[in-house]
$ cat target.pdb   # PDB, C-alpha atoms
MODEL        1
ATOM      1  CA  MET A   1      13.024  -0.700 -20.814
ATOM      2  CA  ALA A   2      14.405   2.763 -20.043
ATOM      3  CA  SER A   3      16.139   3.334 -16.743
ATOM      4  CA  ALA A   4      14.027   4.454 -13.799
ATOM      5  CA  PRO A   5      13.662   8.172 -13.137
ATOM      6  CA  SER A   6      16.110   9.316 -10.476
ATOM      7  CA  ALA A   7      13.308  10.395  -8.107
ATOM      8  CA  SER A   8      11.732   6.944  -8.287
ATOM      9  CA  VAL A   9      14.108   4.954  -6.106
ATOM     10  CA  GLU A  10      13.741   2.218  -3.532
ATOM     11  CA  ALA A  11      12.979   3.505  -0.040
ATOM     12  CA  ARG A  12      12.179   2.019   3.353
ATOM     13  CA  LEU A  13      11.100   3.743   6.552
ATOM     14  CA  ALA A  14      10.468   2.131   9.928
ATOM     15  CA  THR A  15       8.331   3.971  12.470
ATOM     16  CA  PRO A  16       6.903   2.982  15.859
ATOM     17  CA  GLU A  17       3.660   2.141  14.011
ATOM     18  CA  GLY A  18       5.256  -0.121  11.419
ATOM     19  CA  THR A  19       7.146  -0.125   8.133
ATOM     20  CA  CYS A  20       6.732   1.463   4.726
ATOM     21  CA  ALA A  21       8.615   0.386   1.625
ATOM     22  CA  LEU A  22       8.908   1.233  -2.044
ATOM     23  CA  THR A  23      10.754  -1.401  -4.036
ATOM     24  CA  TYR A  24      11.478  -2.637  -7.537
ATOM     25  CA  GLU A  25      11.615  -6.219  -6.207
ATOM     26  CA  PRO A  26       8.562  -8.524  -6.198
ATOM     27  CA  LEU A  27       6.585  -8.152  -2.969
ATOM     28  CA  ASN A  28       6.788 -11.040  -0.517
ATOM     29  CA  ALA A  29       3.335 -11.038   1.079
ATOM     30  CA  GLN A  30       4.224 -13.678   3.692
ATOM     31  CA  ALA A  31       7.262 -11.717   4.892
ATOM     32  CA  ILE A  32       5.194  -8.528   5.087
ATOM     33  CA  ILE A  33       2.484 -10.314   7.092
ATOM     34  CA  GLN A  34       5.156 -11.753   9.403
ATOM     35  CA  SER A  35       6.563  -8.254   9.959
ATOM     36  CA  VAL A  36       3.379  -7.227  11.806
ATOM     37  CA  ALA A  37       3.034 -10.453  13.812
ATOM     38  CA  ASP A  38       2.626 -10.080  17.562
ATOM     39  CA  ASP A  39       1.489 -12.429  20.326
ATOM     40  CA  GLY A  40      -1.104  -9.817  21.356
ATOM     41  CA  ALA A  41      -2.724  -9.843  17.933
ATOM     42  CA  GLY A  42      -6.008 -11.656  17.638
ATOM     43  CA  ALA A  43      -6.291 -10.525  14.038
ATOM     44  CA  THR A  44      -4.127  -9.644  11.066
ATOM     45  CA  ALA A  45      -5.901  -8.001   8.137
ATOM     46  CA  VAL A  46      -4.151  -8.124   4.774
ATOM     47  CA  PHE A  47      -4.776  -6.482   1.432
ATOM     48  CA  ILE A  48      -2.882  -7.612  -1.650
ATOM     49  CA  GLY A  49      -3.517  -5.484  -4.715
ATOM     50  CA  THR A  50      -2.525  -7.221  -7.948
ATOM     51  CA  THR A  51      -2.283  -6.165 -11.575
ATOM     52  CA  ARG A  52      -5.470  -7.378 -13.206
ATOM     53  CA  ASN A  53      -5.715  -8.432 -16.856
ATOM     54  CA  SER A  54      -8.334  -5.898 -17.945
ATOM     55  CA  PHE A  55      -9.519  -2.358 -17.337
ATOM     56  CA  LYS A  56     -12.696  -0.889 -18.853
ATOM     57  CA  GLY A  57     -12.839  -3.609 -21.480
ATOM     58  CA  LYS A  58      -9.198  -3.312 -22.529
ATOM     59  CA  ALA A  59      -6.692  -6.148 -22.061
ATOM     60  CA  VAL A  60      -3.938  -4.993 -19.688
ATOM     61  CA  ILE A  61      -0.422  -6.230 -20.465
ATOM     62  CA  ARG A  62       1.353  -4.649 -17.472
ATOM     63  CA  LEU A  63       1.524  -1.655 -15.189
ATOM     64  CA  ASP A  64       4.556   0.534 -14.580
ATOM     65  CA  TYR A  65       4.794   2.467 -11.324
ATOM     66  CA  GLN A  66       7.000   5.357 -10.404
ATOM     67  CA  ALA A  67       7.100   7.556  -7.343
ATOM     68  CA  TYR A  68       8.624  10.657  -5.943
ATOM     69  CA  SER A  69      10.077   8.284  -3.369
ATOM     70  CA  LYS A  70      11.577  10.755  -0.898
ATOM     71  CA  LEU A  71       8.156  12.329  -0.356
ATOM     72  CA  ALA A  72       6.015   9.227  -0.947
ATOM     73  CA  ILE A  73       7.722   7.222   1.810
ATOM     74  CA  LYS A  74       7.135  10.059   4.306
ATOM     75  CA  THR A  75       3.509  10.318   3.192
ATOM     76  CA  MET A  76       3.059   6.582   3.702
ATOM     77  CA  ALA A  77       4.590   6.824   7.208
ATOM     78  CA  ASP A  78       2.261   9.735   8.034
ATOM     79  CA  ILE A  79      -0.685   7.595   6.915
ATOM     80  CA  LEU A  80       0.377   4.784   9.281
ATOM     81  CA  ARG A  81       0.842   7.270  12.124
ATOM     82  CA  ASP A  82      -2.549   8.904  11.490
ATOM     83  CA  THR A  83      -4.288   5.539  11.231
ATOM     84  CA  HIS A  84      -2.804   4.350  14.511
ATOM     85  CA  SER A  85      -3.824   7.568  16.249
ATOM     86  CA  ARG A  86      -7.365   7.238  14.878
ATOM     87  CA  TYR A  87      -7.866   3.783  16.393
ATOM     88  CA  THR A  88      -6.678   4.388  19.934
ATOM     89  CA  ARG A  89      -9.276   2.409  21.833
ATOM     90  CA  SER A  90     -11.108  -0.742  20.939
ATOM     91  CA  GLU A  91     -14.797  -1.139  21.746
ATOM     92  CA  HIS A  92     -13.737  -4.514  23.147
ATOM     93  CA  GLN A  93     -11.679  -2.923  25.934
ATOM     94  CA  ALA A  94     -13.248  -2.586  29.356
ATOM     95  CA  ALA A  95     -13.991   1.005  30.416
ATOM     96  CA  ASP A  96     -11.467   0.661  33.232
ATOM     97  CA  GLY A  97      -9.067  -1.326  31.032
ATOM     98  CA  ASP A  98      -5.391  -0.778  30.599
ATOM     99  CA  ALA A  99      -4.887   2.736  29.199
ATOM    100  CA  ARG A 100      -1.770   1.462  27.400
ATOM    101  CA  ALA A 101      -3.748  -1.106  25.407
ATOM    102  CA  LYS A 102      -3.683  -0.334  21.699
ATOM    103  CA  SER A 103      -6.355  -1.002  19.117
ATOM    104  CA  LEU A 104      -3.669  -1.433  16.466
ATOM    105  CA  ILE A 105      -0.367  -3.159  17.128
ATOM    106  CA  ARG A 106       1.665  -2.842  13.959
ATOM    107  CA  SER A 107       1.139  -1.990  10.292
ATOM    108  CA  ALA A 108       3.071  -2.376   7.064
ATOM    109  CA  VAL A 109       2.546  -0.950   3.594
ATOM    110  CA  HIS A 110       4.828  -2.012   0.738
ATOM    111  CA  HIS A 111       4.391  -0.684  -2.799
ATOM    112  CA  ARG A 112       6.061  -1.943  -5.922
ATOM    113  CA  LEU A 113       7.863   0.322  -8.366
ATOM    114  CA  GLY A 114       8.746  -0.327 -11.991
ATOM    115  CA  THR A 115       7.023  -2.957 -14.104
ATOM    116  CA  VAL A 116       4.385  -5.134 -12.437
ATOM    117  CA  PRO A 117       3.109  -7.915 -14.720
ATOM    118  CA  VAL A 118      -0.478  -9.183 -14.655
ATOM    119  CA  GLY A 119      -1.114 -11.330 -11.573
ATOM    120  CA  GLU A 120       1.698  -9.888  -9.450
ATOM    121  CA  PRO A 121       1.144  -7.719  -6.359
ATOM    122  CA  SER A 122       1.688  -3.994  -6.664
ATOM    123  CA  ILE A 123       0.782  -3.230  -3.037
ATOM    124  CA  VAL A 124       0.622  -5.270   0.179
ATOM    125  CA  ILE A 125      -0.832  -3.887   3.398
ATOM    126  CA  ALA A 126      -0.881  -5.799   6.690
ATOM    127  CA  VAL A 127      -2.295  -4.638  10.029
ATOM    128  CA  SER A 128      -2.225  -6.509  13.331
ATOM    129  CA  SER A 129      -4.673  -5.765  16.119
ATOM    130  CA  PRO A 130      -6.128  -7.467  19.173
ATOM    131  CA  HIS A 131      -9.493  -7.520  17.327
ATOM    132  CA  ARG A 132     -10.604  -8.064  13.725
ATOM    133  CA  LYS A 133     -12.842  -5.015  13.319
ATOM    134  CA  GLU A 134     -10.065  -2.506  13.918
ATOM    135  CA  ALA A 135      -7.626  -4.507  11.769
ATOM    136  CA  PHE A 136     -10.028  -4.522   8.797
ATOM    137  CA  MET A 137     -10.958  -0.862   9.177
ATOM    138  CA  ALA A 138      -7.342   0.242   9.478
ATOM    139  CA  CYS A 139      -6.240  -1.869   6.507
ATOM    140  CA  GLU A 140      -8.895  -0.289   4.280
ATOM    141  CA  LEU A 141      -8.126   3.221   5.535
ATOM    142  CA  ILE A 142      -4.408   2.780   4.820
ATOM    143  CA  LEU A 143      -5.192   1.563   1.289
ATOM    144  CA  GLU A 144      -7.522   4.440   0.475
ATOM    145  CA  GLU A 145      -5.170   7.048   1.950
ATOM    146  CA  VAL A 146      -2.135   5.689   0.081
ATOM    147  CA  LYS A 147      -4.094   5.743  -3.185
ATOM    148  CA  LEU A 148      -5.296   9.283  -2.463
ATOM    149  CA  LYS A 149      -2.154  10.903  -1.011
ATOM    150  CA  ALA A 150       1.055   9.012  -1.805
ATOM    151  CA  GLN A 151       3.144  10.446  -4.648
ATOM    152  CA  ILE A 152       2.938   7.273  -6.755
ATOM    153  CA  TRP A 153       1.819   7.105 -10.391
ATOM    154  CA  LYS A 154       1.000   4.215 -12.664
ATOM    155  CA  ARG A 155       1.154   3.746 -16.392
ATOM    156  CA  GLU A 156      -1.174   1.171 -17.937
ATOM    157  CA  PHE A 157      -0.159  -0.739 -21.035
ATOM    158  CA  TYR A 158      -2.899  -2.317 -23.156
ATOM    159  CA  GLU A 159      -2.816  -5.107 -25.712
ATOM    160  CA  GLY A 160      -2.811  -3.805 -29.282
ATOM    161  CA  GLU A 161      -1.825  -0.248 -28.330
ATOM    162  CA  ARG A 162       1.538   1.364 -28.900
ATOM    163  CA  GLU A 163       3.695   1.659 -25.780
ATOM    164  CA  GLU A 164       4.219   5.382 -26.385
ATOM    165  CA  ASP A 165       0.423   5.853 -26.131
ATOM    166  CA  ALA A 166       0.300   4.515 -22.562
ATOM    167  CA  GLU A 167      -0.641   7.310 -20.140
ATOM    168  CA  TRP A 168       0.592   8.014 -16.624
ATOM    169  CA  LYS A 169      -2.224   8.170 -14.081
ATOM    170  CA  ALA A 170      -2.392   9.177 -10.455
ATOM    171  CA  ASN A 171      -2.603   6.117  -8.215
ATOM    172  CA  VAL A 172      -6.260   6.716  -7.276
ATOM    173  CA  GLY A 173      -9.582   5.103  -8.026
ATOM    174  CA  HIS A 174     -10.435   1.429  -8.142
TER     175      HIS A 174
ENDMDL
END

$ encode --input "target.pdb" --output "structure tokens"
Amino acid sequence: MASAPSASVEARLATPEGTCALTYEPLNAQAIIQSVADDGAGATAVFIGTTRNSFKGKAVIRLDYQAYSKLAIKTMADILRDTHSRYTRSEHQAADGDARAKSLIRSAVHHRLGTVPVGEPSIVIAVSSPHRKEAFMACELILEEVKLKAQIWKREFYEGEREEDAEWKANVGH
């Protein structure tokens, strides 16, 4: 395989809301889940996106991901920040409750770069919250925003097709 483009490099950024990472290494879902653990969390929502073996009737062999990492990692951090600011108060909090109480505690989004074989995770998102509803909603929002905004592209390789015919696609859609 050819060497990775120079703009597509590993990156990690920690913010008060959580962590973002782009890596060529396999994603360790348990470690990512543990990174958002908190004694105040009553819920941890997790999404693990894996390379599936087919797409629109074609057999998928693998996916290759690349990113403009310097910008993508900042975009991912902005998504965490925006998500945390969106969920500032839980419907479960009392009206006169602690103003410092947060609906989201901590979030993490890790995306794989390079070749991701069928069955392996390409993205792991984890969100901890005092309550399940906010954790699920935030996890889905982070996923959709990363797919829509982060400067990450994928190339799908299909069985029986020449590698040079594989096309790069924006990391959007289903």

$ closest_residue --input "target.pdb" --among "A:Gly119, A:Pro130, A:Ala31, A:Lys147" --to "Val60 in chain A" --atoms "all atoms listed in the file"
A:Gly119

$ atom_distance --input "target.pdb" --atom1 "CA of Val36 in chain A" --atom2 "CA of Ala170 in chain A"
28.2 Å

$ resolve_selection --input "target.pdb" --expression "the PyMOL selection byres ((chain A and resi 8-20) around 6)" --output "short mmCIF file (atom, residue, chain, number, x, y, z; two decimals) with C-alpha atoms, keeping the file's coordinate frame"
data_model
loop_
_atom_site.label_atom_id
_atom_site.label_comp_id
_atom_site.auth_asym_id
_atom_site.auth_seq_id
_atom_site.Cartn_x
_atom_site.Cartn_y
_atom_site.Cartn_z
CA PRO A 5 13.66 8.17 -13.14
CA SER A 6 16.11 9.32 -10.48
CA ALA A 7 13.31 10.40 -8.11
CA ALA A 21 8.62 0.39 1.62
CA LEU A 22 8.91 1.23 -2.04
CA THR A 23 10.75 -1.40 -4.04
CA GLN A 66 7.00 5.36 -10.40
CA ALA A 67 7.10 7.56 -7.34
CA TYR A 68 8.62 10.66 -5.94
CA SER A 69 10.08 8.28 -3.37
CA ARG A 106 1.66 -2.84 13.96
CA SER A 107 1.14 -1.99 10.29
CA ALA A 108 3.07 -2.38 7.06
CA VAL A 109 2.55 -0.95 3.59
CA HIS A 110 4.83 -2.01 0.74
#

$ resolve_selection --input "target.pdb" --expression "the PyMOL selection byres ((chain A and resi 41) around 8)" --output "VMD selection string"
chain A and resid 37 to 40 42 to 44 105 128 to 131

$ atom_distance --input "target.pdb" --atom1 "CA of Val124 in chain A" --atom2 "CA of Lys58 in chain A"
24.8 Å

$ atom_distance --input "target.pdb" --atom1 "CA of Phe55 in chain A" --atom2 "CA of Lys169 in chain A"
13.2 Å

$ residues_around --input "target.pdb" --residues "Ala166 in chain A" --least-positions-apart "2" --cutoff "12 Å" --atoms "only C-alpha atoms" --output "list in words"
Val60, Ile61, Arg62, Leu63, Asp64, Lys154, Arg155, Glu156, Phe157, Tyr158, Glu159, Gly160, Glu161, Arg162, Glu163, Glu164, Trp168 and Lys169 of chain A

$ write_last_selection --input "target.pdb" --atoms "C-alpha atoms" --output "PDB file, keeping the file's coordinate frame"
ATOM      1  CA  VAL A  60      -3.938  -4.993 -19.688  1.00  0.00           C
ATOM      2  CA  ILE A  61      -0.422  -6.230 -20.465  1.00  0.00           C
ATOM      3  CA  ARG A  62       1.353  -4.649 -17.472  1.00  0.00           C
ATOM      4  CA  LEU A  63       1.524  -1.655 -15.189  1.00  0.00           C
ATOM      5  CA  ASP A  64       4.556   0.534 -14.580  1.00  0.00           C
ATOM      6  CA  LYS A 154       1.000   4.215 -12.664  1.00  0.00           C
ATOM      7  CA  ARG A 155       1.154   3.746 -16.392  1.00  0.00           C
ATOM      8  CA  GLU A 156      -1.174   1.171 -17.937  1.00  0.00           C
ATOM      9  CA  PHE A 157      -0.159  -0.739 -21.035  1.00  0.00           C
ATOM     10  CA  TYR A 158      -2.899  -2.317 -23.156  1.00  0.00           C
ATOM     11  CA  GLU A 159      -2.816  -5.107 -25.712  1.00  0.00           C
ATOM     12  CA  GLY A 160      -2.811  -3.805 -29.282  1.00  0.00           C
ATOM     13  CA  GLU A 161      -1.825  -0.248 -28.330  1.00  0.00           C
ATOM     14  CA  ARG A 162       1.538   1.364 -28.900  1.00  0.00           C
ATOM     15  CA  GLU A 163       3.695   1.659 -25.780  1.00  0.00           C
ATOM     16  CA  GLU A 164       4.219   5.382 -26.385  1.00  0.00           C
ATOM     17  CA  TRP A 168       0.592   8.014 -16.624  1.00  0.00           C
ATOM     18  CA  LYS A 169      -2.224   8.170 -14.081  1.00  0.00           C
TER      19      LYS A 169
END

$ resolve_selection --input "target.pdb" --expression "the PyMOL selection byres ((chain A and resi 72-89) around 6)" --output "mmCIF file with C-alpha atoms, in the coordinates of the input"
data_model
loop_
_atom_site.group_PDB
_atom_site.id
_atom_site.type_symbol
_atom_site.label_atom_id
_atom_site.label_comp_id
_atom_site.auth_asym_id
_atom_site.auth_seq_id
_atom_site.Cartn_x
_atom_site.Cartn_y
_atom_site.Cartn_z
ATOM 1 C CA TYR A 68 8.624 10.657 -5.943
ATOM 2 C CA SER A 69 10.077 8.284 -3.369
ATOM 3 C CA LYS A 70 11.577 10.755 -0.898
ATOM 4 C CA LEU A 71 8.156 12.329 -0.356
ATOM 5 C CA SER A 90 -11.108 -0.742 20.939
ATOM 6 C CA LYS A 102 -3.683 -0.334 21.699
ATOM 7 C CA SER A 103 -6.355 -1.002 19.117
ATOM 8 C CA ALA A 150 1.055 9.012 -1.805
ATOM 9 C CA GLN A 151 3.144 10.446 -4.648
#

$ axis_aligned_box --input "target.pdb" --around "range 19-29 of chain A" --padding-each-side "5 Å" --output "JSON"
{"center_x": 7.5, "center_y": -4.8, "center_z": 0.3, "size_x": 18.3, "size_y": 22.5, "size_z": 25.7}

$ closest_residue --input "target.pdb" --among "A:Val146, A:Leu113, A:Leu27, A:Val46" --to "Ile125 in chain A" --atoms "all atoms listed in the file"
A:Val46

$ closest_residue --input "target.pdb" --among "A:Trp153, A:Glu145, A:Tyr65, A:Glu134" --to "Arg112 in chain A" --atoms "only C-alpha atoms"
A:Tyr65

$ closest_residue --input "target.pdb" --among "A:Gly57, A:Asp165, A:Ile33, A:Pro26" --to "Ala45 in chain A" --atoms "only C-alpha atoms"
A:Ile33

$ build_atoms --input "target.pdb" --residues "range 21-38 of chain A" --atoms "N, CA, C and O atoms" --output "compact mmCIF listing (two decimals), in the frame of the given file"
# COMPACT_ATOMS: atom_id res chain seq x y z
N ALA A 21 7.56 0.70 2.58
CA ALA A 21 8.62 0.39 1.62
C ALA A 21 8.14 0.64 0.21
O ALA A 21 6.96 0.41 -0.12
N LEU A 22 9.07 1.12 -0.60
CA LEU A 22 8.91 1.23 -2.04
C LEU A 22 10.04 0.42 -2.64
O LEU A 22 11.19 0.63 -2.27
N THR A 23 9.72 -0.51 -3.53
CA THR A 23 10.75 -1.40 -4.04
C THR A 23 10.49 -1.82 -5.48
O THR A 23 9.33 -1.91 -5.90
N TYR A 24 11.56 -2.08 -6.19
CA TYR A 24 11.48 -2.64 -7.54
C TYR A 24 11.41 -4.16 -7.50
O TYR A 24 11.16 -4.79 -8.52
N GLU A 25 11.63 -4.76 -6.34
CA GLU A 25 11.62 -6.22 -6.21
C GLU A 25 10.18 -6.72 -6.04
O GLU A 25 9.34 -6.00 -5.49
N PRO A 26 9.89 -7.95 -6.46
CA PRO A 26 8.56 -8.52 -6.20
C PRO A 26 8.25 -8.50 -4.70
O PRO A 26 9.14 -8.69 -3.87
N LEU A 27 6.99 -8.24 -4.37
CA LEU A 27 6.58 -8.15 -2.97
C LEU A 27 6.36 -9.54 -2.39
O LEU A 27 5.70 -10.38 -3.00
N ASN A 28 6.92 -9.77 -1.21
CA ASN A 28 6.79 -11.04 -0.52
C ASN A 28 5.70 -10.89 0.55
O ASN A 28 5.97 -10.44 1.67
N ALA A 29 4.48 -11.24 0.19
CA ALA A 29 3.34 -11.04 1.08
C ALA A 29 3.53 -11.73 2.43
O ALA A 29 3.23 -11.16 3.48
N GLN A 30 4.05 -12.96 2.42
CA GLN A 30 4.22 -13.68 3.69
C GLN A 30 5.21 -12.96 4.61
O GLN A 30 4.99 -12.87 5.82
N ALA A 31 6.28 -12.44 4.08
CA ALA A 31 7.26 -11.72 4.89
C ALA A 31 6.65 -10.42 5.44
O ALA A 31 6.92 -10.04 6.59
N ILE A 32 5.84 -9.76 4.64
CA ILE A 32 5.19 -8.53 5.09
C ILE A 32 4.20 -8.84 6.20
O ILE A 32 4.15 -8.14 7.22
N ILE A 33 3.42 -9.89 6.04
CA ILE A 33 2.48 -10.31 7.09
C ILE A 33 3.25 -10.65 8.37
O ILE A 33 2.88 -10.24 9.47
N GLN A 34 4.34 -11.38 8.24
CA GLN A 34 5.16 -11.75 9.40
C GLN A 34 5.72 -10.52 10.11
O GLN A 34 5.88 -10.52 11.32
N SER A 35 5.98 -9.46 9.36
CA SER A 35 6.56 -8.25 9.96
C SER A 35 5.62 -7.55 10.93
O SER A 35 6.07 -6.74 11.75
N VAL A 36 4.32 -7.85 10.87
CA VAL A 36 3.38 -7.23 11.81
C VAL A 36 2.92 -8.21 12.88
O VAL A 36 2.08 -7.88 13.72
N ALA A 37 3.45 -9.42 12.85
CA ALA A 37 3.03 -10.45 13.81
C ALA A 37 3.35 -10.03 15.24
O ALA A 37 4.36 -9.38 15.51
N ASP A 38 2.46 -10.40 16.15
CA ASP A 38 2.63 -10.08 17.56
C ASP A 38 1.76 -11.05 18.36
O ASP A 38 0.64 -11.37 17.94
